[in-house]
file work00.cif (mmCIF, N, CA and C atoms)
data_structure
loop_
_atom_site.label_atom_id
_atom_site.label_comp_id
_atom_site.auth_asym_id
_atom_site.auth_seq_id
_atom_site.Cartn_x
_atom_site.Cartn_y
_atom_site.Cartn_z
N MET U 1 42.50 -38.70 15.02
CA MET U 1 41.47 -38.67 14.00
C MET U 1 42.13 -38.42 12.66
N LYS U 2 41.71 -39.14 11.70
CA LYS U 2 42.30 -39.05 10.37
C LYS U 2 41.44 -38.11 9.53
N PHE U 3 42.07 -37.13 8.87
CA PHE U 3 41.38 -36.16 8.03
C PHE U 3 41.46 -36.62 6.59
N ASN U 4 40.27 -36.93 6.00
CA ASN U 4 40.26 -37.36 4.61
C ASN U 4 39.21 -36.56 3.85
N TRP U 5 38.92 -36.94 2.60
CA TRP U 5 37.97 -36.21 1.76
C TRP U 5 36.57 -36.20 2.36
N GLY U 6 36.12 -37.28 2.88
CA GLY U 6 34.78 -37.37 3.47
C GLY U 6 34.62 -36.42 4.65
N THR U 7 35.63 -36.34 5.49
CA THR U 7 35.59 -35.44 6.64
C THR U 7 35.59 -33.98 6.18
N GLY U 8 36.37 -33.67 5.17
CA GLY U 8 36.43 -32.30 4.64
C GLY U 8 35.10 -31.86 4.04
N ILE U 9 34.46 -32.75 3.28
CA ILE U 9 33.17 -32.42 2.69
C ILE U 9 32.13 -32.22 3.78
N PHE U 10 32.12 -33.12 4.78
CA PHE U 10 31.18 -32.99 5.89
C PHE U 10 31.37 -31.66 6.63
N LEU U 11 32.60 -31.29 6.93
CA LEU U 11 32.89 -30.03 7.63
C LEU U 11 32.50 -28.82 6.77
N SER U 12 32.66 -28.93 5.46
CA SER U 12 32.25 -27.85 4.56
C SER U 12 30.74 -27.65 4.60
N PHE U 13 29.98 -28.75 4.57
CA PHE U 13 28.52 -28.66 4.68
C PHE U 13 28.09 -28.05 6.00
N VAL U 14 28.70 -28.49 7.08
CA VAL U 14 28.35 -27.97 8.40
C VAL U 14 28.67 -26.48 8.48
N ALA U 15 29.82 -26.07 7.96
CA ALA U 15 30.19 -24.64 7.97
C ALA U 15 29.21 -23.81 7.15
N PHE U 16 28.79 -24.33 6.00
CA PHE U 16 27.83 -23.62 5.16
C PHE U 16 26.48 -23.48 5.86
N ILE U 17 26.01 -24.53 6.49
CA ILE U 17 24.72 -24.50 7.20
C ILE U 17 24.79 -23.51 8.37
N VAL U 18 25.86 -23.51 9.11
CA VAL U 18 26.02 -22.55 10.22
C VAL U 18 26.06 -21.12 9.68
N PHE U 19 26.73 -20.90 8.58
CA PHE U 19 26.81 -19.58 7.94
C PHE U 19 25.41 -19.08 7.55
N ILE U 20 24.62 -19.92 6.90
CA ILE U 20 23.27 -19.55 6.48
C ILE U 20 22.38 -19.31 7.70
N LEU U 21 22.40 -20.17 8.69
CA LEU U 21 21.59 -20.00 9.89
C LEU U 21 21.95 -18.72 10.64
N TYR U 22 23.22 -18.37 10.65
CA TYR U 22 23.64 -17.13 11.31
C TYR U 22 22.94 -15.92 10.67
N PHE U 23 22.90 -15.87 9.34
CA PHE U 23 22.27 -14.73 8.66
C PHE U 23 20.74 -14.77 8.77
N VAL U 24 20.15 -15.94 8.84
CA VAL U 24 18.70 -16.03 9.05
C VAL U 24 18.34 -15.48 10.42
N VAL U 25 19.05 -15.91 11.44
CA VAL U 25 18.79 -15.43 12.80
C VAL U 25 19.06 -13.93 12.89
N LEU U 26 20.13 -13.48 12.28
CA LEU U 26 20.47 -12.06 12.29
C LEU U 26 19.38 -11.22 11.62
N SER U 27 18.82 -11.70 10.53
CA SER U 27 17.78 -10.93 9.83
C SER U 27 16.49 -10.84 10.63
N PHE U 28 16.16 -11.87 11.40
CA PHE U 28 14.95 -11.82 12.20
C PHE U 28 15.11 -10.98 13.46
N ARG U 29 16.32 -10.89 13.98
CA ARG U 29 16.54 -10.13 15.21
C ARG U 29 16.85 -8.67 14.97
N ASP U 30 17.17 -8.30 13.74
CA ASP U 30 17.54 -6.93 13.43
C ASP U 30 16.31 -6.02 13.51
N PRO U 31 16.34 -4.99 14.36
CA PRO U 31 15.18 -4.09 14.45
C PRO U 31 14.93 -3.27 13.18
N GLN U 32 15.93 -3.11 12.34
CA GLN U 32 15.76 -2.38 11.08
C GLN U 32 14.93 -3.17 10.09
N SER U 33 14.93 -4.50 10.23
CA SER U 33 14.13 -5.34 9.33
C SER U 33 12.71 -5.36 9.85
N ASN U 34 11.82 -4.75 9.08
CA ASN U 34 10.43 -4.65 9.48
C ASN U 34 9.63 -5.67 8.69
N HIS U 35 8.97 -6.59 9.38
CA HIS U 35 8.24 -7.67 8.71
C HIS U 35 6.74 -7.46 8.85
N ASP U 36 6.24 -6.35 8.32
CA ASP U 36 4.82 -6.05 8.41
C ASP U 36 4.07 -6.72 7.27
N LEU U 37 2.83 -7.08 7.56
CA LEU U 37 1.94 -7.53 6.51
C LEU U 37 1.46 -6.30 5.75
N VAL U 38 0.99 -6.49 4.55
CA VAL U 38 0.44 -5.37 3.78
C VAL U 38 -0.74 -4.80 4.54
N THR U 39 -1.65 -5.65 4.98
CA THR U 39 -2.77 -5.23 5.82
C THR U 39 -2.97 -6.28 6.89
N GLU U 40 -3.50 -5.88 8.01
CA GLU U 40 -3.77 -6.81 9.10
C GLU U 40 -5.00 -7.67 8.80
N ASP U 41 -5.96 -7.12 8.08
CA ASP U 41 -7.21 -7.83 7.81
C ASP U 41 -7.29 -8.27 6.34
N TYR U 42 -6.24 -8.90 5.88
CA TYR U 42 -6.18 -9.27 4.46
C TYR U 42 -7.28 -10.25 4.08
N TYR U 43 -7.71 -11.12 4.99
CA TYR U 43 -8.75 -12.09 4.65
C TYR U 43 -10.08 -11.39 4.39
N GLN U 44 -10.43 -10.42 5.23
CA GLN U 44 -11.68 -9.69 5.02
C GLN U 44 -11.63 -8.88 3.74
N GLN U 45 -10.46 -8.32 3.42
CA GLN U 45 -10.34 -7.55 2.18
C GLN U 45 -10.44 -8.46 0.97
N GLU U 46 -9.97 -9.67 1.08
CA GLU U 46 -10.08 -10.62 -0.03
C GLU U 46 -11.54 -10.99 -0.29
N LEU U 47 -12.31 -11.08 0.78
CA LEU U 47 -13.73 -11.43 0.63
C LEU U 47 -14.51 -10.33 -0.08
N LYS U 48 -14.09 -9.08 0.05
CA LYS U 48 -14.81 -7.98 -0.60
C LYS U 48 -14.16 -7.55 -1.92
N TYR U 49 -13.32 -8.41 -2.47
CA TYR U 49 -12.62 -8.09 -3.70
C TYR U 49 -13.58 -7.88 -4.87
N GLN U 50 -14.64 -8.68 -4.95
CA GLN U 50 -15.61 -8.52 -6.04
C GLN U 50 -16.31 -7.17 -5.94
N GLN U 51 -16.56 -6.70 -4.72
CA GLN U 51 -17.16 -5.38 -4.55
C GLN U 51 -16.22 -4.29 -5.08
N ASP U 52 -14.91 -4.47 -4.87
CA ASP U 52 -13.94 -3.51 -5.39
C ASP U 52 -13.94 -3.51 -6.93
N ILE U 53 -14.04 -4.68 -7.52
CA ILE U 53 -14.09 -4.78 -8.98
C ILE U 53 -15.33 -4.07 -9.51
N ASP U 54 -16.47 -4.28 -8.85
CA ASP U 54 -17.71 -3.63 -9.28
C ASP U 54 -17.62 -2.11 -9.13
N ALA U 55 -17.02 -1.63 -8.02
CA ALA U 55 -16.89 -0.19 -7.81
C ALA U 55 -15.96 0.43 -8.85
N SER U 56 -14.89 -0.26 -9.21
CA SER U 56 -13.99 0.24 -10.27
C SER U 56 -14.71 0.27 -11.61
N ALA U 57 -15.53 -0.74 -11.86
CA ALA U 57 -16.29 -0.78 -13.10
C ALA U 57 -17.30 0.36 -13.16
N ASN U 58 -17.88 0.73 -12.01
CA ASN U 58 -18.81 1.87 -11.98
C ASN U 58 -18.10 3.15 -12.39
N LEU U 59 -16.86 3.33 -11.94
CA LEU U 59 -16.09 4.51 -12.32
C LEU U 59 -15.80 4.50 -13.82
N ASN U 60 -15.42 3.35 -14.34
CA ASN U 60 -15.13 3.25 -15.77
C ASN U 60 -16.38 3.49 -16.62
N LYS U 61 -17.53 2.95 -16.19
CA LYS U 61 -18.77 3.12 -16.94
C LYS U 61 -19.23 4.57 -16.96
N SER U 62 -18.95 5.28 -15.87
CA SER U 62 -19.39 6.67 -15.80
C SER U 62 -18.59 7.57 -16.74
N GLY U 63 -17.41 7.11 -17.15
CA GLY U 63 -16.56 7.91 -18.02
C GLY U 63 -15.85 9.03 -17.28
N ALA U 64 -16.02 9.09 -15.98
CA ALA U 64 -15.40 10.14 -15.17
C ALA U 64 -13.94 9.78 -14.88
N GLN U 65 -13.14 10.80 -14.68
CA GLN U 65 -11.73 10.62 -14.38
C GLN U 65 -11.38 11.38 -13.10
N ILE U 66 -10.66 10.72 -12.23
CA ILE U 66 -10.12 11.36 -11.03
C ILE U 66 -8.73 11.89 -11.41
N GLN U 67 -8.44 13.12 -11.04
CA GLN U 67 -7.13 13.71 -11.32
C GLN U 67 -6.38 13.87 -10.01
N VAL U 68 -5.26 13.16 -9.89
CA VAL U 68 -4.41 13.25 -8.71
C VAL U 68 -3.10 13.89 -9.17
N THR U 69 -2.80 15.08 -8.64
CA THR U 69 -1.59 15.79 -9.06
C THR U 69 -0.84 16.32 -7.85
N LYS U 70 0.46 16.39 -8.00
CA LYS U 70 1.33 16.96 -6.97
C LYS U 70 1.39 18.47 -7.17
N ILE U 71 1.07 19.20 -6.11
CA ILE U 71 1.15 20.67 -6.16
C ILE U 71 2.00 21.12 -4.97
N PRO U 72 2.44 22.37 -4.94
CA PRO U 72 3.31 22.82 -3.84
C PRO U 72 2.70 22.65 -2.45
N GLU U 73 1.38 22.72 -2.34
CA GLU U 73 0.72 22.59 -1.03
C GLU U 73 0.56 21.14 -0.59
N GLY U 74 0.70 20.20 -1.50
CA GLY U 74 0.52 18.80 -1.17
C GLY U 74 0.06 18.00 -2.37
N LEU U 75 -0.97 17.19 -2.16
CA LEU U 75 -1.51 16.34 -3.20
C LEU U 75 -2.95 16.76 -3.47
N SER U 76 -3.25 17.08 -4.71
CA SER U 76 -4.57 17.53 -5.09
C SER U 76 -5.34 16.39 -5.75
N VAL U 77 -6.54 16.13 -5.22
CA VAL U 77 -7.43 15.12 -5.80
C VAL U 77 -8.66 15.86 -6.31
N VAL U 78 -8.86 15.83 -7.63
CA VAL U 78 -9.98 16.54 -8.24
C VAL U 78 -10.98 15.52 -8.75
N PHE U 79 -12.22 15.64 -8.27
CA PHE U 79 -13.29 14.76 -8.69
C PHE U 79 -13.93 15.29 -9.98
N PRO U 80 -14.57 14.43 -10.74
CA PRO U 80 -15.18 14.85 -12.01
C PRO U 80 -16.29 15.87 -11.83
N ALA U 81 -16.50 16.68 -12.84
CA ALA U 81 -17.53 17.72 -12.81
C ALA U 81 -18.93 17.12 -12.82
N THR U 82 -19.05 15.87 -13.24
CA THR U 82 -20.38 15.25 -13.29
C THR U 82 -20.91 14.90 -11.90
N PHE U 83 -20.04 14.90 -10.88
CA PHE U 83 -20.46 14.59 -9.51
C PHE U 83 -20.70 15.88 -8.74
N THR U 84 -21.78 15.92 -7.97
CA THR U 84 -22.06 17.04 -7.08
C THR U 84 -21.22 16.85 -5.81
N PRO U 85 -20.34 17.81 -5.47
CA PRO U 85 -19.41 17.62 -4.34
C PRO U 85 -20.09 17.31 -3.01
N ASP U 86 -21.26 17.87 -2.76
CA ASP U 86 -21.93 17.66 -1.47
C ASP U 86 -22.42 16.22 -1.29
N GLU U 87 -22.63 15.51 -2.38
CA GLU U 87 -23.18 14.16 -2.31
C GLU U 87 -22.11 13.07 -2.31
N ILE U 88 -20.85 13.45 -2.37
CA ILE U 88 -19.76 12.48 -2.38
C ILE U 88 -19.37 12.18 -0.94
N LYS U 89 -19.47 10.91 -0.55
CA LYS U 89 -19.10 10.47 0.79
C LYS U 89 -18.14 9.30 0.66
N GLY U 90 -17.03 9.35 1.38
CA GLY U 90 -16.08 8.25 1.32
C GLY U 90 -14.77 8.58 1.99
N THR U 91 -13.74 7.83 1.63
CA THR U 91 -12.42 8.00 2.23
C THR U 91 -11.32 7.94 1.18
N VAL U 92 -10.20 8.56 1.53
CA VAL U 92 -8.97 8.47 0.74
C VAL U 92 -7.94 7.80 1.62
N SER U 93 -7.38 6.69 1.13
CA SER U 93 -6.36 5.95 1.88
C SER U 93 -5.05 6.05 1.14
N LEU U 94 -4.01 6.38 1.86
CA LEU U 94 -2.66 6.39 1.29
C LEU U 94 -1.83 5.36 2.04
N TYR U 95 -1.26 4.45 1.27
CA TYR U 95 -0.49 3.33 1.82
C TYR U 95 0.96 3.48 1.37
N ARG U 96 1.86 3.42 2.32
CA ARG U 96 3.30 3.53 2.04
C ARG U 96 3.91 2.13 2.16
N PRO U 97 4.30 1.50 1.04
CA PRO U 97 4.82 0.13 1.10
C PRO U 97 6.06 -0.02 1.98
N SER U 98 6.86 1.03 2.09
CA SER U 98 8.11 0.90 2.82
C SER U 98 7.99 1.13 4.32
N ASN U 99 6.86 1.70 4.78
CA ASN U 99 6.74 2.00 6.21
C ASN U 99 5.27 2.05 6.60
N LYS U 100 4.86 1.06 7.37
CA LYS U 100 3.46 0.94 7.79
C LYS U 100 3.01 2.13 8.64
N GLN U 101 3.92 2.73 9.39
CA GLN U 101 3.56 3.83 10.27
C GLN U 101 3.16 5.09 9.51
N LEU U 102 3.48 5.20 8.24
CA LEU U 102 3.14 6.39 7.45
C LEU U 102 1.77 6.28 6.77
N ASP U 103 1.16 5.09 6.80
CA ASP U 103 -0.16 4.90 6.18
C ASP U 103 -1.19 5.77 6.90
N PHE U 104 -2.14 6.30 6.15
CA PHE U 104 -3.24 7.03 6.78
C PHE U 104 -4.46 7.02 5.88
N LYS U 105 -5.59 7.30 6.53
CA LYS U 105 -6.88 7.33 5.85
C LYS U 105 -7.56 8.63 6.27
N THR U 106 -8.13 9.33 5.31
CA THR U 106 -8.80 10.59 5.61
C THR U 106 -10.18 10.61 4.94
N PRO U 107 -11.17 11.17 5.61
CA PRO U 107 -12.50 11.25 4.98
C PRO U 107 -12.50 12.29 3.86
N ILE U 108 -13.36 12.10 2.92
CA ILE U 108 -13.47 13.04 1.79
C ILE U 108 -14.27 14.25 2.25
N GLN U 109 -13.61 15.40 2.26
CA GLN U 109 -14.25 16.68 2.55
C GLN U 109 -13.83 17.62 1.43
N LEU U 110 -14.77 17.91 0.56
CA LEU U 110 -14.45 18.64 -0.65
C LEU U 110 -14.73 20.13 -0.52
N SER U 111 -13.84 20.92 -1.12
CA SER U 111 -14.12 22.32 -1.37
C SER U 111 -14.19 22.42 -2.89
N GLU U 112 -15.34 22.79 -3.38
CA GLU U 112 -15.61 22.69 -4.82
C GLU U 112 -15.55 21.21 -5.18
N ARG U 113 -14.69 20.81 -6.11
CA ARG U 113 -14.53 19.40 -6.48
C ARG U 113 -13.17 18.89 -6.05
N GLN U 114 -12.42 19.65 -5.27
CA GLN U 114 -11.03 19.33 -4.97
C GLN U 114 -10.85 18.95 -3.50
N LEU U 115 -10.00 17.94 -3.29
CA LEU U 115 -9.58 17.54 -1.95
C LEU U 115 -8.07 17.74 -1.90
N LEU U 116 -7.59 18.39 -0.85
CA LEU U 116 -6.16 18.63 -0.70
C LEU U 116 -5.62 17.81 0.45
N ILE U 117 -4.61 17.00 0.16
CA ILE U 117 -3.90 16.27 1.19
C ILE U 117 -2.63 17.06 1.47
N PRO U 118 -2.48 17.60 2.70
CA PRO U 118 -1.37 18.51 2.97
C PRO U 118 0.00 17.86 2.82
N LYS U 119 0.94 18.67 2.42
CA LYS U 119 2.32 18.24 2.19
C LYS U 119 2.94 17.67 3.46
N SER U 120 2.52 18.18 4.62
CA SER U 120 3.10 17.74 5.89
C SER U 120 2.82 16.26 6.18
N ARG U 121 1.80 15.68 5.57
CA ARG U 121 1.46 14.27 5.80
C ARG U 121 2.16 13.33 4.83
N LEU U 122 2.84 13.88 3.83
CA LEU U 122 3.43 13.06 2.78
C LEU U 122 4.95 13.20 2.77
N LEU U 123 5.62 12.09 2.67
CA LEU U 123 7.07 12.07 2.47
C LEU U 123 7.34 11.72 1.02
N ASP U 124 8.50 12.13 0.53
CA ASP U 124 8.86 11.78 -0.83
C ASP U 124 8.98 10.26 -0.95
N GLY U 125 8.53 9.76 -2.08
CA GLY U 125 8.63 8.32 -2.33
C GLY U 125 7.35 7.77 -2.91
N ARG U 126 7.26 6.46 -2.92
CA ARG U 126 6.12 5.77 -3.53
C ARG U 126 4.96 5.65 -2.56
N TRP U 127 3.77 5.90 -3.05
CA TRP U 127 2.52 5.78 -2.31
C TRP U 127 1.51 5.04 -3.18
N ASP U 128 0.66 4.25 -2.53
CA ASP U 128 -0.50 3.66 -3.20
C ASP U 128 -1.72 4.43 -2.69
N ILE U 129 -2.48 5.00 -3.62
CA ILE U 129 -3.66 5.77 -3.24
C ILE U 129 -4.90 4.96 -3.59
N ARG U 130 -5.86 5.00 -2.68
CA ARG U 130 -7.13 4.29 -2.87
C ARG U 130 -8.24 5.24 -2.44
N ILE U 131 -9.09 5.60 -3.38
CA ILE U 131 -10.20 6.51 -3.10
C ILE U 131 -11.50 5.72 -3.26
N GLU U 132 -12.22 5.57 -2.15
CA GLU U 132 -13.50 4.87 -2.15
C GLU U 132 -14.59 5.89 -1.81
N TRP U 133 -15.64 5.95 -2.62
CA TRP U 133 -16.72 6.87 -2.31
C TRP U 133 -18.03 6.34 -2.86
N THR U 134 -19.10 6.89 -2.33
CA THR U 134 -20.43 6.58 -2.85
C THR U 134 -21.04 7.87 -3.35
N TYR U 135 -21.77 7.75 -4.43
CA TYR U 135 -22.46 8.89 -5.02
C TYR U 135 -23.81 8.39 -5.49
N GLU U 136 -24.85 8.96 -4.96
CA GLU U 136 -26.22 8.55 -5.26
C GLU U 136 -26.41 7.05 -5.01
N GLY U 137 -25.84 6.58 -3.92
CA GLY U 137 -26.00 5.18 -3.52
C GLY U 137 -25.17 4.18 -4.29
N LYS U 138 -24.34 4.64 -5.19
CA LYS U 138 -23.54 3.76 -6.03
C LYS U 138 -22.07 3.85 -5.58
N PRO U 139 -21.40 2.70 -5.35
CA PRO U 139 -20.00 2.75 -4.92
C PRO U 139 -19.05 2.99 -6.09
N TYR U 140 -17.99 3.73 -5.81
CA TYR U 140 -16.94 4.00 -6.80
C TYR U 140 -15.59 3.75 -6.15
N LEU U 141 -14.61 3.36 -6.96
CA LEU U 141 -13.28 3.08 -6.45
C LEU U 141 -12.24 3.52 -7.47
N TYR U 142 -11.23 4.23 -6.97
CA TYR U 142 -10.08 4.63 -7.79
C TYR U 142 -8.83 4.17 -7.05
N GLN U 143 -7.95 3.46 -7.75
CA GLN U 143 -6.69 3.01 -7.18
C GLN U 143 -5.56 3.36 -8.13
N ASN U 144 -4.44 3.77 -7.55
CA ASN U 144 -3.29 4.09 -8.38
C ASN U 144 -2.04 4.09 -7.52
N LYS U 145 -0.89 3.97 -8.18
CA LYS U 145 0.41 4.12 -7.53
C LYS U 145 0.98 5.44 -7.96
N LEU U 146 1.59 6.16 -7.03
CA LEU U 146 2.17 7.44 -7.38
C LEU U 146 3.46 7.66 -6.64
N THR U 147 4.27 8.53 -7.17
CA THR U 147 5.52 8.92 -6.53
C THR U 147 5.42 10.37 -6.16
N TYR U 148 5.55 10.65 -4.88
CA TYR U 148 5.43 12.03 -4.40
C TYR U 148 6.81 12.62 -4.25
#
call {"tool": "encode", "arguments": {"input": "work00.cif", "output": "structure tokens"}}
result
Amino acid sequence: MKFNWGTGIFLSFVAFIVFILYFVVLSFRDPQSNHDLVTEDYYQQELKYQQDIDASANLNKSGAQIQVTKIPEGLSVVFPATFTPDEIKGTVSLYRPSNKQLDFKTPIQLSERQLLIPKSRLLDGRWDIRIEWTYEGKPYLYQNKLTY
């Protein structure tokens, strides 16, 4: 077999393709590579997107502010003074982009106007917080990104 420029270029292409395919296969088989979706029910969440926009607008119209602060005991969520704590019903969801297993949702159970998320449930790093609640039949939504 005669080795010329055409054969060298062809072998270079084949070697490059094998090199790329090796890393593609390796990335899919590696257990450290976690390929989770953001949510399992993304289609249903997309359908209720307008409801989320309306709930966020309700919070903005009310002029109320949710205060989320890091304290030594964990994460403190303080609801506005204009809301009666007994009438607030909803959930607090914390989503960890780097690890699906750390995500959790907790019902809103207030003492005074404050909800405490214990430090034991939170690891240092980035979290997306989503607080959904109803007050006097009106939906409200607060979303934010935070670093704990």
call {"tool": "atom_distance", "arguments": {"input": "work00.cif", "atom1": "atom C of U:Ile71", "atom2": "atom CA of U:Asp86"}}
result
24.4 Å
call {"tool": "residues_around", "arguments": {"input": "work00.cif", "residues": "U:Leu141", "least_positions_apart": "3", "cutoff": "6 Å", "atoms": "only N, CA and C atoms", "output": "list in words"}}
result
Ala55, Ser56, Leu59, Ile131, Glu132 and Trp133 of chain U
call {"tool": "resolve_selection", "arguments": {"input": "work00.cif", "expression": "the PyMOL selection byres ((chain U and resi 73-78) around 5)", "output": "VMD selection string"}}
result
chain U and resid 66 to 72 79 to 80 113 to 119
call {"tool": "atom_distance", "arguments": {"input": "work00.cif", "atom1": "atom CA of U:Thr7", "atom2": "atom CA of U:Leu26"}}
result
28.4 Å
call {"tool": "closest_residue", "arguments": {"input": "work00.cif", "among": "U:Leu94, U:Ile108, U:Leu47, U:Ile17", "to": "U:Arg121", "atoms": "only C-alpha atoms"}}
result
U:Leu94
call {"tool": "closest_residue", "arguments": {"input": "work00.cif", "among": "U:Thr106, U:Gln51, U:Asn144, U:Gln65", "to": "U:Ser93", "atoms": "only C-alpha atoms"}}
result
U:Thr106
call {"tool": "closest_residue", "arguments": {"input": "work00.cif", "among": "U:Tyr49, U:Tyr148, U:Glu136, U:Lys105", "to": "U:Leu123", "atoms": "all atoms listed in the file"}}
result
U:Tyr148
call {"tool": "build_atoms", "arguments": {"input": "work00.cif", "residues": "stretch 94-102 of chain U", "atoms": "all heavy atoms", "output": "PDB file, keeping the file's coordinate frame"}}
result
ATOM      1  N   LEU U  94      -4.010   6.380   1.860  1.00  0.00           N
ATOM      2  CA  LEU U  94      -2.660   6.390   1.290  1.00  0.00           C
ATOM      3  C   LEU U  94      -1.830   5.360   2.040  1.00  0.00           C
ATOM      4  O   LEU U  94      -1.745   5.382   3.267  1.00  0.00           O
ATOM      5  CB  LEU U  94      -2.036   7.775   1.386  1.00  0.00           C
ATOM      6  CG  LEU U  94      -2.566   8.684   0.287  1.00  0.00           C
ATOM      7  CD1 LEU U  94      -2.861  10.050   0.807  1.00  0.00           C
ATOM      8  CD2 LEU U  94      -1.583   8.737  -0.837  1.00  0.00           C
ATOM      9  N   TYR U  95      -1.260   4.450   1.270  1.00  0.00           N
ATOM     10  CA  TYR U  95      -0.490   3.330   1.820  1.00  0.00           C
ATOM     11  C   TYR U  95       0.960   3.480   1.370  1.00  0.00           C
ATOM     12  O   TYR U  95       1.244   3.669   0.193  1.00  0.00           O
ATOM     13  CB  TYR U  95      -1.089   2.021   1.293  1.00  0.00           C
ATOM     14  CG  TYR U  95      -0.210   0.817   1.440  1.00  0.00           C
ATOM     15  CD1 TYR U  95       0.035   0.266   2.684  1.00  0.00           C
ATOM     16  CD2 TYR U  95       0.378   0.235   0.329  1.00  0.00           C
ATOM     17  CE1 TYR U  95       0.841  -0.842   2.819  1.00  0.00           C
ATOM     18  CE2 TYR U  95       1.181  -0.873   0.448  1.00  0.00           C
ATOM     19  CZ  TYR U  95       1.409  -1.416   1.702  1.00  0.00           C
ATOM     20  OH  TYR U  95       2.219  -2.508   1.828  1.00  0.00           O
ATOM     21  N   ARG U  96       1.860   3.420   2.320  1.00  0.00           N
ATOM     22  CA  ARG U  96       3.300   3.530   2.040  1.00  0.00           C
ATOM     23  C   ARG U  96       3.910   2.130   2.160  1.00  0.00           C
ATOM     24  O   ARG U  96       4.002   1.586   3.249  1.00  0.00           O
ATOM     25  CB  ARG U  96       3.929   4.493   3.042  1.00  0.00           C
ATOM     26  CG  ARG U  96       5.406   4.720   2.883  1.00  0.00           C
ATOM     27  CD  ARG U  96       5.696   5.536   1.644  1.00  0.00           C
ATOM     28  NE  ARG U  96       7.125   5.723   1.509  1.00  0.00           N
ATOM     29  CZ  ARG U  96       7.697   6.883   1.378  1.00  0.00           C
ATOM     30  NH1 ARG U  96       6.978   7.980   1.317  1.00  0.00           N
ATOM     31  NH2 ARG U  96       8.996   6.972   1.250  1.00  0.00           N
ATOM     32  N   PRO U  97       4.300   1.500   1.040  1.00  0.00           N
ATOM     33  CA  PRO U  97       4.820   0.130   1.100  1.00  0.00           C
ATOM     34  C   PRO U  97       6.060  -0.020   1.980  1.00  0.00           C
ATOM     35  O   PRO U  97       6.256  -1.064   2.570  1.00  0.00           O
ATOM     36  CB  PRO U  97       5.155  -0.199  -0.355  1.00  0.00           C
ATOM     37  CG  PRO U  97       4.358   0.740  -1.168  1.00  0.00           C
ATOM     38  CD  PRO U  97       4.195   1.977  -0.341  1.00  0.00           C
ATOM     39  N   SER U  98       6.860   1.030   2.090  1.00  0.00           N
ATOM     40  CA  SER U  98       8.110   0.900   2.820  1.00  0.00           C
ATOM     41  C   SER U  98       7.990   1.130   4.320  1.00  0.00           C
ATOM     42  O   SER U  98       8.897   0.806   5.064  1.00  0.00           O
ATOM     43  CB  SER U  98       9.146   1.878   2.252  1.00  0.00           C
ATOM     44  OG  SER U  98       8.698   3.207   2.445  1.00  0.00           O
ATOM     45  N   ASN U  99       6.860   1.700   4.780  1.00  0.00           N
ATOM     46  CA  ASN U  99       6.740   2.000   6.210  1.00  0.00           C
ATOM     47  C   ASN U  99       5.270   2.050   6.600  1.00  0.00           C
ATOM     48  O   ASN U  99       4.548   2.975   6.251  1.00  0.00           O
ATOM     49  CB  ASN U  99       7.420   3.338   6.525  1.00  0.00           C
ATOM     50  CG  ASN U  99       7.519   3.595   8.002  1.00  0.00           C
ATOM     51  OD1 ASN U  99       6.883   2.945   8.817  1.00  0.00           O
ATOM     52  ND2 ASN U  99       8.350   4.552   8.353  1.00  0.00           N
ATOM     53  N   LYS U 100       4.860   1.060   7.370  1.00  0.00           N
ATOM     54  CA  LYS U 100       3.460   0.940   7.790  1.00  0.00           C
ATOM     55  C   LYS U 100       3.010   2.130   8.640  1.00  0.00           C
ATOM     56  O   LYS U 100       1.851   2.520   8.604  1.00  0.00           O
ATOM     57  CB  LYS U 100       3.312  -0.359   8.571  1.00  0.00           C
ATOM     58  CG  LYS U 100       1.943  -0.629   9.096  1.00  0.00           C
ATOM     59  CD  LYS U 100       1.955  -1.923   9.870  1.00  0.00           C
ATOM     60  CE  LYS U 100       0.644  -2.138  10.567  1.00  0.00           C
ATOM     61  NZ  LYS U 100       0.641  -3.360  11.347  1.00  0.00           N
ATOM     62  N   GLN U 101       3.920   2.730   9.390  1.00  0.00           N
ATOM     63  CA  GLN U 101       3.560   3.830  10.270  1.00  0.00           C
ATOM     64  C   GLN U 101       3.160   5.090   9.510  1.00  0.00           C
ATOM     65  O   GLN U 101       2.554   5.992  10.082  1.00  0.00           O
ATOM     66  CB  GLN U 101       4.713   4.161  11.227  1.00  0.00           C
ATOM     67  CG  GLN U 101       4.859   3.179  12.377  1.00  0.00           C
ATOM     68  CD  GLN U 101       5.410   1.832  11.971  1.00  0.00           C
ATOM     69  OE1 GLN U 101       6.192   1.722  11.032  1.00  0.00           O
ATOM     70  NE2 GLN U 101       4.985   0.785  12.659  1.00  0.00           N
ATOM     71  N   LEU U 102       3.480   5.200   8.240  1.00  0.00           N
ATOM     72  CA  LEU U 102       3.140   6.390   7.450  1.00  0.00           C
ATOM     73  C   LEU U 102       1.770   6.280   6.770  1.00  0.00           C
ATOM     74  O   LEU U 102       1.271   7.262   6.236  1.00  0.00           O
ATOM     75  CB  LEU U 102       4.212   6.651   6.399  1.00  0.00           C
ATOM     76  CG  LEU U 102       5.600   6.994   6.934  1.00  0.00           C
ATOM     77  CD1 LEU U 102       6.592   7.127   5.787  1.00  0.00           C
ATOM     78  CD2 LEU U 102       5.564   8.250   7.762  1.00  0.00           C
TER      79      LEU U 102
END
